[in-house]
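Pasted below: work10.tsv, TSV, C-alpha atoms.
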```tsv
chain	number	residue	atom	x	y	z
A	99	MET	CA	244.00	122.33	51.54
A	100	TRP	CA	243.84	125.78	53.18
A	101	LYS	CA	244.56	124.31	56.62
A	102	TRP	CA	247.65	122.58	55.25
A	103	ALA	CA	248.94	125.80	53.62
A	104	ALA	CA	248.17	127.83	56.76
A	105	GLY	CA	250.14	125.31	58.84
A	106	ILE	CA	253.18	125.55	56.59
A	107	LEU	CA	252.99	129.36	56.63
A	108	ALA	CA	252.78	129.38	60.44
A	109	VAL	CA	255.84	127.11	60.73
A	110	LEU	CA	257.79	129.32	58.31
A	111	LEU	CA	256.87	132.50	60.17
A	112	LEU	CA	257.83	130.98	63.53
A	113	SER	CA	261.15	129.78	62.12
A	114	VAL	CA	261.98	133.19	60.66
A	115	GLY	CA	260.96	134.89	63.93
A	116	ALA	CA	263.12	132.54	66.02
A	117	TYR	CA	266.09	133.07	63.70
A	118	ALA	CA	265.71	136.85	63.81
A	119	ALA	CA	265.44	136.82	67.61
A	120	SER	CA	268.57	134.70	68.00
A	121	ALA	CA	270.49	136.92	65.59
A	122	THR	CA	269.62	140.11	67.50
A	123	ASP	CA	270.45	138.50	70.86
A	124	LYS	CA	274.07	138.10	69.73
A	125	VAL	CA	274.46	141.77	68.77
A	126	SER	CA	274.56	144.25	71.61
A	127	ARG	CA	273.62	147.87	71.07
A	128	THR	CA	276.25	148.94	73.60
A	129	ALA	CA	279.82	147.74	73.28
A	130	LYS	CA	281.03	145.74	76.28
A	131	PRO	CA	283.89	147.36	78.15
A	132	GLU	CA	287.36	146.25	77.16
A	133	ILE	CA	289.34	146.29	80.36
A	134	VAL	CA	293.00	145.30	80.36
A	135	ILE	CA	294.14	143.42	83.46
A	136	ASP	CA	297.85	143.54	84.23
A	137	ARG	CA	298.54	139.87	85.00
A	138	SER	CA	302.02	140.70	86.31
A	139	LYS	CA	300.32	142.01	89.47
A	140	SER	CA	297.52	139.47	89.77
A	141	GLY	CA	299.03	136.20	88.61
A	142	ASP	CA	297.35	134.11	85.97
A	143	LYS	CA	293.74	134.31	87.27
A	144	CYS	CA	291.34	135.92	89.70
A	145	VAL	CA	290.40	134.40	93.06
A	146	GLU	CA	287.21	133.08	91.40
A	147	GLU	CA	286.10	132.41	87.82
A	148	THR	CA	285.27	135.51	85.76
A	149	SER	CA	281.60	134.59	85.23
A	150	PHE	CA	281.17	133.98	88.98
A	151	MET	CA	282.83	137.28	89.88
A	152	ARG	CA	280.73	139.27	87.42
A	153	LYS	CA	277.59	137.95	89.04
A	154	ASN	CA	278.63	137.68	92.69
A	155	HIS	CA	281.47	140.10	93.48
A	156	MET	CA	279.23	142.44	95.44
A	157	LYS	CA	277.92	139.60	97.62
A	158	LEU	CA	281.51	138.53	98.33
A	159	LEU	CA	282.54	142.08	99.22
A	160	MET	CA	279.52	142.54	101.50
A	161	HIS	CA	280.25	139.22	103.24
A	162	GLN	CA	283.91	140.24	103.64
A	163	ARG	CA	282.80	143.59	105.05
A	164	ASP	CA	280.53	141.94	107.59
A	165	GLU	CA	283.21	139.46	108.65
A	166	THR	CA	285.79	142.24	109.04
A	167	MET	CA	283.71	145.03	110.54
A	168	HIS	CA	281.32	143.08	112.74
A	169	LYS	CA	283.37	140.03	113.71
A	170	GLY	CA	286.94	141.30	113.40
A	171	ILE	CA	287.88	138.48	111.00
A	172	ARG	CA	290.31	139.70	108.35
A	173	THR	CA	291.05	137.49	105.34
A	174	GLU	CA	292.46	138.48	101.97
A	175	LYS	CA	290.79	136.17	99.45
A	176	HIS	CA	287.72	138.36	98.76
A	177	SER	CA	288.92	141.64	100.26
A	178	LEU	CA	288.48	144.96	98.48
A	179	GLN	CA	292.19	145.61	99.10
A	180	LYS	CA	293.16	142.53	97.11
A	181	CYS	CA	290.77	143.46	94.29
A	182	ILE	CA	292.26	146.94	94.01
A	183	SER	CA	295.85	145.78	94.20
A	184	CYS	CA	295.30	143.33	91.30
A	185	HIS	CA	292.88	145.33	89.14
A	186	ALA	CA	294.33	148.84	89.36
A	187	SER	CA	295.39	150.23	85.97
A	188	SER	CA	299.06	150.04	85.12
A	189	LYS	CA	298.76	153.60	83.70
A	190	ASP	CA	297.75	155.41	86.90
A	191	ASP	CA	297.41	152.63	89.50
A	192	SER	CA	293.68	153.23	90.01
A	193	VAL	CA	290.41	151.38	89.43
A	194	LEU	CA	288.64	154.70	88.69
A	195	GLY	CA	289.21	157.62	86.36
A	196	SER	CA	287.69	156.58	83.03
A	197	ASN	CA	285.73	153.76	81.46
A	198	GLU	CA	289.04	152.06	80.68
A	199	HIS	CA	289.55	151.47	84.41
A	200	PHE	CA	288.44	148.14	85.85
A	201	CYS	CA	285.68	149.09	88.28
A	202	GLN	CA	284.43	152.23	86.57
A	203	GLY	CA	284.30	150.66	83.09
A	204	CYS	CA	282.12	147.72	84.11
A	205	HIS	CA	279.88	149.72	86.44
A	206	THR	CA	279.29	152.38	83.78
A	207	TYR	CA	278.41	149.66	81.26
A	208	ALA	CA	275.97	148.07	83.72
A	209	ALA	CA	274.63	151.48	84.89
A	210	VAL	CA	275.37	150.60	88.51
A	211	LYS	CA	276.45	153.25	91.03
A	212	MET	CA	279.52	152.42	93.10
A	213	ASP	CA	279.50	153.66	96.67
A	214	CYS	CA	282.72	151.88	97.74
A	215	TRP	CA	284.77	155.00	97.10
A	216	GLU	CA	282.92	157.14	99.59
A	217	CYS	CA	285.02	155.40	102.26
A	218	HIS	CA	287.70	153.40	100.43
A	219	ALA	CA	290.63	154.61	98.33
A	220	SER	CA	290.64	153.61	94.66
A	221	LYS	CA	294.43	153.20	94.51
A	222	PRO	CA	296.70	150.71	96.26
A	223	LYS	CA	298.94	152.22	98.93
A	224	GLN	CA	302.59	152.36	97.97
A	225	ALA	CA	304.25	149.48	99.79
A	226	ALA	CA	307.75	149.55	101.24
A	227	PRO	CA	310.29	147.74	99.04
A	228	GLY	CA	309.79	143.99	99.40
A	229	ALA	CA	306.47	144.34	101.26
A	230	ALA	CA	303.12	143.04	100.02
A	231	PRO	CA	300.89	145.68	98.35
A	232	ALA	CA	298.22	147.24	100.54
A	233	VAL	CA	295.45	149.77	99.98
A	234	ALA	CA	295.71	153.44	100.88
A	235	ALA	CA	293.79	154.65	103.89
A	236	ALA	CA	290.17	155.50	103.30
A	237	ALA	CA	289.38	159.03	102.27
A	238	PRO	CA	287.50	160.97	104.95
A	239	ALA	CA	283.77	161.23	104.45
A	240	PRO	CA	282.57	164.53	102.99
A	241	ALA	CA	281.50	166.99	105.70
A	242	SER	CA	277.94	166.94	104.38
A	243	LYS	CA	277.69	163.19	105.02
A	244	VAL	CA	279.25	163.12	108.50
A	245	GLY	CA	276.46	162.51	110.97
A	246	ALA	CA	273.81	162.70	108.22
A	247	ASP	CA	272.38	159.30	109.20
A	248	LYS	CA	271.74	160.48	112.77
A	249	LYS	CA	269.24	163.18	111.80
```
Once more with this new file: its structure as structure tokens, please.
Amino acid sequence: MWKWAAGILAVLLLSVGAYAASATDKVSRTAKPEIVIDRSKSGDKCVEETSFMRKNHMKLLMHQRDETMHKGIRTEKHSLQKCISCHASSKDDSVLGSNEHFCQGCHTYAAVKMDCWECHASKPKQAAPGAAPAVAAAAPAPASKVGADKK
């Protein structure tokens, strides 16, 4: 009789534990960033699915960097320029500035440091009327970093 009661109690405890675990998994302690994307600039969707981009955007950017810098192959599909031109805020035309901005908001949430902006501009370059948007020239490296890797 005791074995039977102990079995039922174990099943009940496991069920309650599984329910409690699934309930807490759905509630995050930190609110996810709410980033507004201006679809008038980017069309109706990104170059890849959102879930894919969240997981793989850095790999795509690194591959694009290698193709461009090492092989001289320039394409737009996964370029940082295209990302910035589509995802820059309609308020100040930047991907940085506060947690409401596309890149900064997500990277702050994920606690990931961005080093793109040490060389690249965070705002699209103003295009001539009728021309395709482009990205502003890279900001010069801080004097303290110039030649630092050669020491």
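As for CA of Arg127 (chain A) and CA of Gln202 (chain A), they are spaced 19.4 Å apart.
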Gap from CA of Ala129 (chain A) to CA of Glu198 (chain A) - Å, one decimal: 12.6 Å
So, with only C-alpha atoms as the atoms that count, which of A:Arg152, A:Asp142, A:Lys221, A:Leu111 lies closest to Lys189 (chain A)?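 Selected residue with least distance to Lys189 (chain A): A:Lys221.
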For CA of Gly203 (chain A) and CA of Pro131 (chain A), the interatomic separation in Å (one decimal):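 Separation between CA of Gly203 (chain A) and CA of Pro131 (chain A): 6.0 Å.
With distances restricted to only C-alpha atoms, A:Thr128 is the closest residue to Ala208 (chain A) from A:His185, A:Thr128, A:Phe150, A:Ser113.
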From the options A:Met151, A:Ala104, A:Cys217, A:Ile135, which residue's atoms come nearest to Ser192 (chain A), counting only C-alpha atoms? A:Ile135
Can you pull out the residues contacting Cys201 (chain A)? Cut-off 12 Å, using all atoms listed in the file, and skip same-chain residues under 3 positions away; I want them as an mmCIF file with C-alpha atoms, in the frame of the given file.
```cif
data_model
loop_
_atom_site.group_PDB
_atom_site.id
_atom_site.type_symbol
_atom_site.label_atom_id
_atom_site.label_comp_id
_atom_site.auth_asym_id
_atom_site.auth_seq_id
_atom_site.Cartn_x
_atom_site.Cartn_y
_atom_site.Cartn_z
ATOM 1 C CA PRO A 131 283.890 147.360 78.150
ATOM 2 C CA GLU A 132 287.360 146.250 77.160
ATOM 3 C CA ILE A 133 289.340 146.290 80.360
ATOM 4 C CA VAL A 134 293.000 145.300 80.360
ATOM 5 C CA ILE A 135 294.140 143.420 83.460
ATOM 6 C CA ARG A 152 280.730 139.270 87.420
ATOM 7 C CA HIS A 155 281.470 140.100 93.480
ATOM 8 C CA MET A 156 279.230 142.440 95.440
ATOM 9 C CA LEU A 178 288.480 144.960 98.480
ATOM 10 C CA CYS A 181 290.770 143.460 94.290
ATOM 11 C CA ILE A 182 292.260 146.940 94.010
ATOM 12 C CA CYS A 184 295.300 143.330 91.300
ATOM 13 C CA HIS A 185 292.880 145.330 89.140
ATOM 14 C CA ALA A 186 294.330 148.840 89.360
ATOM 15 C CA SER A 187 295.390 150.230 85.970
ATOM 16 C CA SER A 192 293.680 153.230 90.010
ATOM 17 C CA VAL A 193 290.410 151.380 89.430
ATOM 18 C CA LEU A 194 288.640 154.700 88.690
ATOM 19 C CA GLY A 195 289.210 157.620 86.360
ATOM 20 C CA SER A 196 287.690 156.580 83.030
ATOM 21 C CA ASN A 197 285.730 153.760 81.460
ATOM 22 C CA GLU A 198 289.040 152.060 80.680
ATOM 23 C CA CYS A 204 282.120 147.720 84.110
ATOM 24 C CA HIS A 205 279.880 149.720 86.440
ATOM 25 C CA THR A 206 279.290 152.380 83.780
ATOM 26 C CA TYR A 207 278.410 149.660 81.260
ATOM 27 C CA ALA A 208 275.970 148.070 83.720
ATOM 28 C CA ALA A 209 274.630 151.480 84.890
ATOM 29 C CA VAL A 210 275.370 150.600 88.510
ATOM 30 C CA LYS A 211 276.450 153.250 91.030
ATOM 31 C CA MET A 212 279.520 152.420 93.100
ATOM 32 C CA ASP A 213 279.500 153.660 96.670
ATOM 33 C CA CYS A 214 282.720 151.880 97.740
ATOM 34 C CA TRP A 215 284.770 155.000 97.100
ATOM 35 C CA SER A 220 290.640 153.610 94.660
ATOM 36 C CA LYS A 221 294.430 153.200 94.510
#
```
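Shortest separation to Asp191 (chain A) among A:His218, A:Lys223, A:Lys101, A:Arg172 occurs at residue A:Lys223, atoms counted being all atoms listed in the file.
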